[in-house]
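What follows is a short report on a single structure.
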Amino acid sequence: MKEVDARGLGCPEPILLTAKALKTENQVKVLVDEVHQRMNVEKYAKDQGKKTSFTEKNGYFELIIE
Amino acid sequence: MNFMNSKGKLLGLGAICGVIAAALAYFGNPANMAFCIACFIRDTAGALGLHQAEVVQYARPETIGLVIGAFLIAIGTKEYKSTGGSSPMTRFVLGICMMVGALIFLGCPLRMILRMSAGDLNAWVALIGFVLGIVTGVFFLKKGFTLGRAYETQKMSGSVISILALGILILATFTSLLKVSQAGPGSMHAPIILSLIGGLLFGAIAQKSRMCFAGSIRDVVMLKNFDLFFGVLGLFIVMLIYNVVMGKFTIGFDTPGIIAHSDHLWNILGMYIVGFAAVLLGGCPLRQLILAGQGSSDSAITVLGMLIGSAICHNFGLASSGTALNPETQEVVKGAVTANGKVAGIICIVVLFVIAFTNKRKEV
């Protein structure tokens, strides 16, 4: 599964990187470290017809988009 | 609670912010400057003596409230995070550029919306520049523009700007150390307590709703996503109703008394600079204050850039003048962009392109 490490990046970079990864992959793991970035990525994935789940790690979120 | 999951909620939250802005205008803030981030940072810079323009010196409690409101709600909802290290000095320069652009136009994106809602056609013209600036920024984002990662810092670091804001509020309230305008826009303000409450509420709502004037258009252009746009729409609708009901809605150019000018090219270019810089920064002037409040030292540096930028604008004659009525002759004196302002505007555009071209993601 392709991993997008978007921790510490500002708006809208996490979405841009996620979108790029989803062009070639069906399943993508995205790492973000701000709540609003997590919600932005979740919303984007939902708009693309994808399902997301996330787990809170030590200081960041790990989202699985499939 | 997730405030981002419905356009209706964002419309409502934007409308509440509109009510706050309308109330502050009703209780004494300057007409159509009810809640302008650029103007209020400029006024605060004047209060601190960073510039000597006597008509725009007042430590605006709204700005202080925005930062502290965002800080408090971020603490309460566990979203506070002390971060920094994402090209801070580049952000400082972008903050200066954003302020130069705003003071050429005479307002931040929030004031542009307020002026649009009052029928000021100059603001509608400036919207063209703002959108073009955002489109330019989006172009570079798609080409891999980045200011790099921010990293977690010592917890205290992210709260410094909120503590400094509180310090300014204390000085303004309990001492006579700060400068206060006796005439002009700086002398027009709502009572301190109302301004502070308005700022705190606006800050808390903006933090939860992620309100961003540049982001709203950026998301429409780039993602065809209208969520953030609805927050801005809510604010616009409430202010439009307020202006119509209060008889403050006047369609036209060169309307005296609203602190605006009708130099179309420079209204466009001024807001082009603001839109372009805001996209490179990841948020408009309001959003920078909110992110600073919730712990981003990078946004705090941007706010300092805006503060210094406003002082530069008034110390070097870059800020435009607004159309006014000569009280003796009753003649309309047209507002204008200064020669220095035009040179500074061109320099800012060049600087923005240099920054946009030279900060690229390595993996792209």
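We name chains A, B, ... following the order of the structure tokens; residues begin at 1 in each chain, and ligands are numbered from 1 as shown.
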Quiz item: Taking only C-alpha atoms into account, which residues of chain A are within 8 Å of chain B, as a list in words?
Solution: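 That gives Arg7, Gly8, Leu9, Gly10, Cys11, Pro12, Glu13, Leu16, Glu34, Val35, His36 and Met39 of chain A for chain A.
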Practice problem: Write down as a VMD selection string the residues of chain A whose backbone DSSP state falls under strand (DSSP E). | Solution: chain A and resid 2 to 5 28 to 32 52 to 56 61 to 65
For the residues in that selection, give me N, CA and C atoms as a tab-separated table (two decimals), in the first residue's frame.
```tsv
chain	number	residue	atom	x	y	z
A	2	LYS	N	0.54	2.18	-0.90
A	2	LYS	CA	1.35	3.40	-0.98
A	2	LYS	C	1.12	4.26	0.27
A	3	GLU	N	2.20	4.84	0.78
A	3	GLU	CA	2.08	5.69	1.97
A	3	GLU	C	2.37	7.14	1.61
A	4	VAL	N	1.47	8.03	2.03
A	4	VAL	CA	1.67	9.47	1.85
A	4	VAL	C	1.95	10.08	3.22
A	5	ASP	N	3.14	10.58	3.40
A	5	ASP	CA	3.48	11.22	4.67
A	5	ASP	C	3.27	12.72	4.53
A	28	VAL	N	-4.56	3.63	-0.15
A	28	VAL	CA	-3.48	4.57	0.21
A	28	VAL	C	-3.49	4.79	1.72
A	29	LYS	N	-2.30	4.79	2.30
A	29	LYS	CA	-2.15	5.14	3.72
A	29	LYS	C	-1.67	6.58	3.79
A	30	VAL	N	-2.38	7.42	4.55
A	30	VAL	CA	-2.01	8.83	4.65
A	30	VAL	C	-1.70	9.18	6.11
A	31	LEU	N	-0.57	9.82	6.34
A	31	LEU	CA	-0.21	10.27	7.68
A	31	LEU	C	-0.36	11.78	7.75
A	32	VAL	N	-1.15	12.26	8.71
A	32	VAL	CA	-1.28	13.71	8.95
A	32	VAL	C	-1.22	13.94	10.46
A	52	THR	N	-12.82	5.60	4.37
A	52	THR	CA	-11.61	5.88	5.17
A	52	THR	C	-11.80	5.39	6.60
A	53	SER	N	-10.70	5.01	7.19
A	53	SER	CA	-10.67	4.73	8.63
A	53	SER	C	-9.37	5.31	9.14
A	54	PHE	N	-9.36	5.68	10.42
A	54	PHE	CA	-8.10	6.23	10.93
A	54	PHE	C	-7.81	5.71	12.33
A	55	THR	N	-6.56	5.68	12.64
A	55	THR	CA	-6.13	5.37	14.01
A	55	THR	C	-5.21	6.49	14.47
A	56	GLU	N	-5.34	6.82	15.77
A	56	GLU	CA	-4.50	7.88	16.31
A	56	GLU	C	-3.21	7.26	16.82
A	61	PHE	N	-2.09	11.07	12.94
A	61	PHE	CA	-3.17	10.17	12.53
A	61	PHE	C	-2.73	9.34	11.33
A	62	GLU	N	-3.14	8.09	11.33
A	62	GLU	CA	-2.86	7.22	10.18
A	62	GLU	C	-4.20	6.90	9.54
A	63	LEU	N	-4.40	7.37	8.32
A	63	LEU	CA	-5.66	7.11	7.62
A	63	LEU	C	-5.44	6.03	6.57
A	64	ILE	N	-6.42	5.12	6.49
A	64	ILE	CA	-6.39	4.14	5.41
A	64	ILE	C	-7.56	4.47	4.47
A	65	ILE	N	-7.22	4.72	3.23
A	65	ILE	CA	-8.25	5.03	2.22
A	65	ILE	C	-8.35	3.85	1.26
```
Exercise. Could you give me, as a ChimeraX atom specification, the residues within 12 Å of B:Gly65, counting only C-alpha atoms and dropping anything in the same chain fewer than 4 positions from it?
Key: /B:35,37,40,59-61,69-73,161-166,168-169,192-206,286,289-290,293
Limited to N, CA and C atoms, could you put the picked residues into a file as an mmCIF file, in the first residue's frame?
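Just written: selection.cif:
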```
data_model
loop_
_atom_site.group_PDB
_atom_site.id
_atom_site.type_symbol
_atom_site.label_atom_id
_atom_site.label_comp_id
_atom_site.auth_asym_id
_atom_site.auth_seq_id
_atom_site.Cartn_x
_atom_site.Cartn_y
_atom_site.Cartn_z
ATOM 1 N N PHE B 35 -14.927 44.638 10.601
ATOM 2 C CA PHE B 35 -14.030 43.587 11.076
ATOM 3 C C PHE B 35 -13.026 43.320 9.954
ATOM 4 N N ILE B 37 -9.152 42.449 9.094
ATOM 5 C CA ILE B 37 -7.925 41.948 9.727
ATOM 6 C C ILE B 37 -6.735 42.858 9.410
ATOM 7 N N PHE B 40 -7.067 46.230 11.161
ATOM 8 C CA PHE B 40 -6.953 46.138 12.620
ATOM 9 C C PHE B 40 -5.518 45.820 13.047
ATOM 10 N N ALA B 59 -5.198 49.787 19.540
ATOM 11 C CA ALA B 59 -4.988 48.347 19.745
ATOM 12 C C ALA B 59 -6.347 47.655 19.674
ATOM 13 N N ARG B 60 -6.685 47.144 18.512
ATOM 14 C CA ARG B 60 -8.024 46.587 18.285
ATOM 15 C C ARG B 60 -8.235 45.303 19.098
ATOM 16 N N PRO B 61 -9.183 45.323 20.034
ATOM 17 C CA PRO B 61 -9.429 44.125 20.830
ATOM 18 C C PRO B 61 -9.936 42.952 19.987
ATOM 19 N N GLY B 69 -9.272 33.677 21.240
ATOM 20 C CA GLY B 69 -10.454 32.825 21.043
ATOM 21 C C GLY B 69 -10.073 31.506 20.389
ATOM 22 N N ALA B 70 -9.219 31.597 19.368
ATOM 23 C CA ALA B 70 -8.757 30.378 18.683
ATOM 24 C C ALA B 70 -7.909 29.532 19.625
ATOM 25 N N PHE B 71 -7.085 30.194 20.429
ATOM 26 C CA PHE B 71 -6.224 29.493 21.393
ATOM 27 C C PHE B 71 -7.083 28.723 22.406
ATOM 28 N N LEU B 72 -8.074 29.410 22.983
ATOM 29 C CA LEU B 72 -8.891 28.785 24.039
ATOM 30 C C LEU B 72 -9.698 27.599 23.507
ATOM 31 N N ILE B 73 -10.313 27.775 22.333
ATOM 32 C CA ILE B 73 -11.138 26.668 21.820
ATOM 33 C C ILE B 73 -10.250 25.503 21.360
ATOM 34 N N ILE B 161 2.297 33.855 21.156
ATOM 35 C CA ILE B 161 1.582 34.964 20.497
ATOM 36 C C ILE B 161 0.279 35.301 21.233
ATOM 37 N N SER B 162 -0.370 34.289 21.814
ATOM 38 C CA SER B 162 -1.595 34.553 22.584
ATOM 39 C C SER B 162 -1.253 35.339 23.845
ATOM 40 N N ILE B 163 -0.132 35.004 24.481
ATOM 41 C CA ILE B 163 0.286 35.720 25.691
ATOM 42 C C ILE B 163 0.662 37.174 25.342
ATOM 43 N N LEU B 164 1.357 37.347 24.212
ATOM 44 C CA LEU B 164 1.707 38.712 23.777
ATOM 45 C C LEU B 164 0.434 39.518 23.484
ATOM 46 N N ALA B 165 -0.537 38.859 22.845
ATOM 47 C CA ALA B 165 -1.807 39.537 22.530
ATOM 48 C C ALA B 165 -2.499 39.963 23.827
ATOM 49 N N LEU B 166 -2.468 39.080 24.829
ATOM 50 C CA LEU B 166 -3.061 39.405 26.133
ATOM 51 C C LEU B 166 -2.323 40.588 26.762
ATOM 52 N N ILE B 168 -0.819 43.033 25.205
ATOM 53 C CA ILE B 168 -1.225 44.272 24.518
ATOM 54 C C ILE B 168 -2.597 44.720 25.035
ATOM 55 N N LEU B 169 -3.491 43.750 25.237
ATOM 56 C CA LEU B 169 -4.831 44.071 25.744
ATOM 57 C C LEU B 169 -4.740 44.719 27.129
ATOM 58 N N ILE B 192 -14.619 48.527 24.248
ATOM 59 C CA ILE B 192 -13.585 47.484 24.317
ATOM 60 C C ILE B 192 -14.166 46.108 24.623
ATOM 61 N N ILE B 193 -15.065 46.051 25.581
ATOM 62 C CA ILE B 193 -15.583 44.740 26.012
ATOM 63 C C ILE B 193 -16.356 44.057 24.878
ATOM 64 N N LEU B 194 -17.123 44.866 24.118
ATOM 65 C CA LEU B 194 -17.881 44.287 22.989
ATOM 66 C C LEU B 194 -16.924 43.815 21.887
ATOM 67 N N SER B 195 -15.909 44.633 21.618
ATOM 68 C CA SER B 195 -14.920 44.266 20.589
ATOM 69 C C SER B 195 -14.209 42.979 20.973
ATOM 70 N N LEU B 196 -13.872 42.875 22.263
ATOM 71 C CA LEU B 196 -13.156 41.690 22.739
ATOM 72 C C LEU B 196 -14.042 40.440 22.647
ATOM 73 N N ILE B 197 -15.286 40.575 23.110
ATOM 74 C CA ILE B 197 -16.209 39.434 23.048
ATOM 75 C C ILE B 197 -16.441 39.032 21.593
ATOM 76 N N GLY B 198 -16.632 40.042 20.735
ATOM 77 C CA GLY B 198 -16.822 39.779 19.302
ATOM 78 C C GLY B 198 -15.638 39.030 18.723
ATOM 79 N N GLY B 199 -14.441 39.491 19.080
ATOM 80 C CA GLY B 199 -13.216 38.848 18.580
ATOM 81 C C GLY B 199 -13.081 37.425 19.080
ATOM 82 N N LEU B 200 -13.374 37.215 20.368
ATOM 83 C CA LEU B 200 -13.259 35.866 20.950
ATOM 84 C C LEU B 200 -14.221 34.895 20.255
ATOM 85 N N LEU B 201 -15.474 35.359 20.072
ATOM 86 C CA LEU B 201 -16.477 34.499 19.425
ATOM 87 C C LEU B 201 -16.104 34.213 17.979
ATOM 88 N N PHE B 202 -15.727 35.275 17.262
ATOM 89 C CA PHE B 202 -15.344 35.147 15.854
ATOM 90 C C PHE B 202 -14.166 34.182 15.739
ATOM 91 N N GLY B 203 -13.193 34.339 16.650
ATOM 92 C CA GLY B 203 -12.002 33.483 16.627
ATOM 93 C C GLY B 203 -12.348 32.026 16.872
ATOM 94 N N ALA B 204 -13.229 31.801 17.843
ATOM 95 C CA ALA B 204 -13.616 30.421 18.163
ATOM 96 C C ALA B 204 -14.366 29.792 16.983
ATOM 97 N N ILE B 205 -15.285 30.555 16.404
ATOM 98 C CA ILE B 205 -16.060 30.039 15.260
ATOM 99 C C ILE B 205 -15.147 29.792 14.057
ATOM 100 N N ALA B 206 -14.254 30.752 13.804
ATOM 101 C CA ALA B 206 -13.347 30.600 12.657
ATOM 102 C C ALA B 206 -12.433 29.396 12.840
ATOM 103 N N LEU B 286 -7.050 36.263 8.076
ATOM 104 C CA LEU B 286 -7.837 35.747 9.207
ATOM 105 C C LEU B 286 -7.339 34.372 9.622
ATOM 106 N N LEU B 289 -4.158 34.334 11.657
ATOM 107 C CA LEU B 289 -4.359 34.672 13.076
ATOM 108 C C LEU B 289 -4.890 33.467 13.850
ATOM 109 N N ILE B 290 -5.808 32.735 13.233
ATOM 110 C CA ILE B 290 -6.418 31.584 13.896
ATOM 111 C C ILE B 290 -5.381 30.467 14.086
ATOM 112 N N GLY B 293 -3.081 31.296 16.792
ATOM 113 C CA GLY B 293 -3.700 31.065 18.094
ATOM 114 C C GLY B 293 -3.689 29.606 18.500
#
```
Quiz item: What is the atom CA of B:Leu13 to atom CA of B:Glu62 distance in Å?
Solution: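 About the pair atom CA of B:Leu13 and atom CA of B:Glu62: they are 17.5 Å apart.
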Exercise. Can you pull out every residue within 10 Å of B:Gly28, counting only C-alpha atoms, but drop anything in the same chain fewer than 3 positions away, and send it as a list in words?
Key: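 After dropping sequence-adjacent residues, the list is Ala23, Leu24, Ala25, Ala31, Ala34, Ser187, Met188, His189, Ala190, Pro191 and Ser195 of chain B.
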Quiz item: Of the residues A:Lys43, A:Lys57, A:Lys23, A:Gly49, which is the one nearest to B:Ser6, using only C-alpha atoms?
Solution: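 When distances to B:Ser6 are compared using only C-alpha atoms, the smallest one comes from A:Lys43.
Nearest residue to A:Asp47 among B:Arg91, B:Asp120, B:Phe226, B:Gly133 is B:Phe226, counting only C-alpha atoms.
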Quiz prompt | Among the residues B:Gly295, B:Gln330, B:Asn340, B:Val220, the one that comes closest to B:Thr153 [using only C-alpha atoms] | solution =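 When distances to B:Thr153 are compared using only C-alpha atoms, the smallest one comes from B:Gly295.
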Exercise. Give me every helix (DSSP H, G or I) residue in chain A, going by DSSP on the backbone, as a list in words.
Key: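 Those in chain A that DSSP calls helix (DSSP H, G or I) are Glu13, Pro14, Ile15, Leu16, Leu17, Thr18, Ala19, Lys20, Ala21, Leu22, Lys23, Thr24, Val35, His36, Gln37, Arg38, Met39, Asn40, Val41, Glu42, Lys43, Tyr44, Ala45, Lys46 and Asp47 of chain A.
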Practice problem: May I have the residues within 12 Å of B:Thr136 as a PyMOL selection string, using only C-alpha atoms and disregarding those fewer than 2 positions away in the same chain? | Solution: chain B and resi 129-134+138-143+145+218+221-222+272-280+349+352-353+356-357
Practice problem: Kindly indicate which residue among B:His51, B:Lys179, B:Arg287, B:Arg115 lies nearest to B:His261, using only C-alpha atoms for the distances. | Solution: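 Smallest separation from B:His261 among the options: B:Arg115.
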Self-check item: Shortest interatomic distance to B:Ala21 - which of B:Cys36, B:Ile355, B:Val100, B:Leu50, counting only C-alpha atoms
Solution: B:Cys36
Exercise. Would you mind listing what lies within 9 Å of B:Gly49 as a list in words, with only C-alpha atoms counted and same-chain residues fewer than 5 positions away left out?
Key: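 My list of contacting residues is Thr44, Gln57, Leu178, Lys179 and Ala311 of chain B.
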File dump, residues just selected, C-alpha atoms, as a compact mmCIF listing (two decimals), in the first residue's frame:
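Done, and the output landed in again.txt:
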```txt
# COMPACT_ATOMS: atom_id res chain seq x y z
CA THR B 44 -2.50 47.83 16.42
CA GLN B 57 -3.61 53.98 15.96
CA LEU B 178 -0.27 52.85 23.79
CA LYS B 179 -1.21 55.43 21.19
CA ALA B 311 4.26 49.78 9.61
```
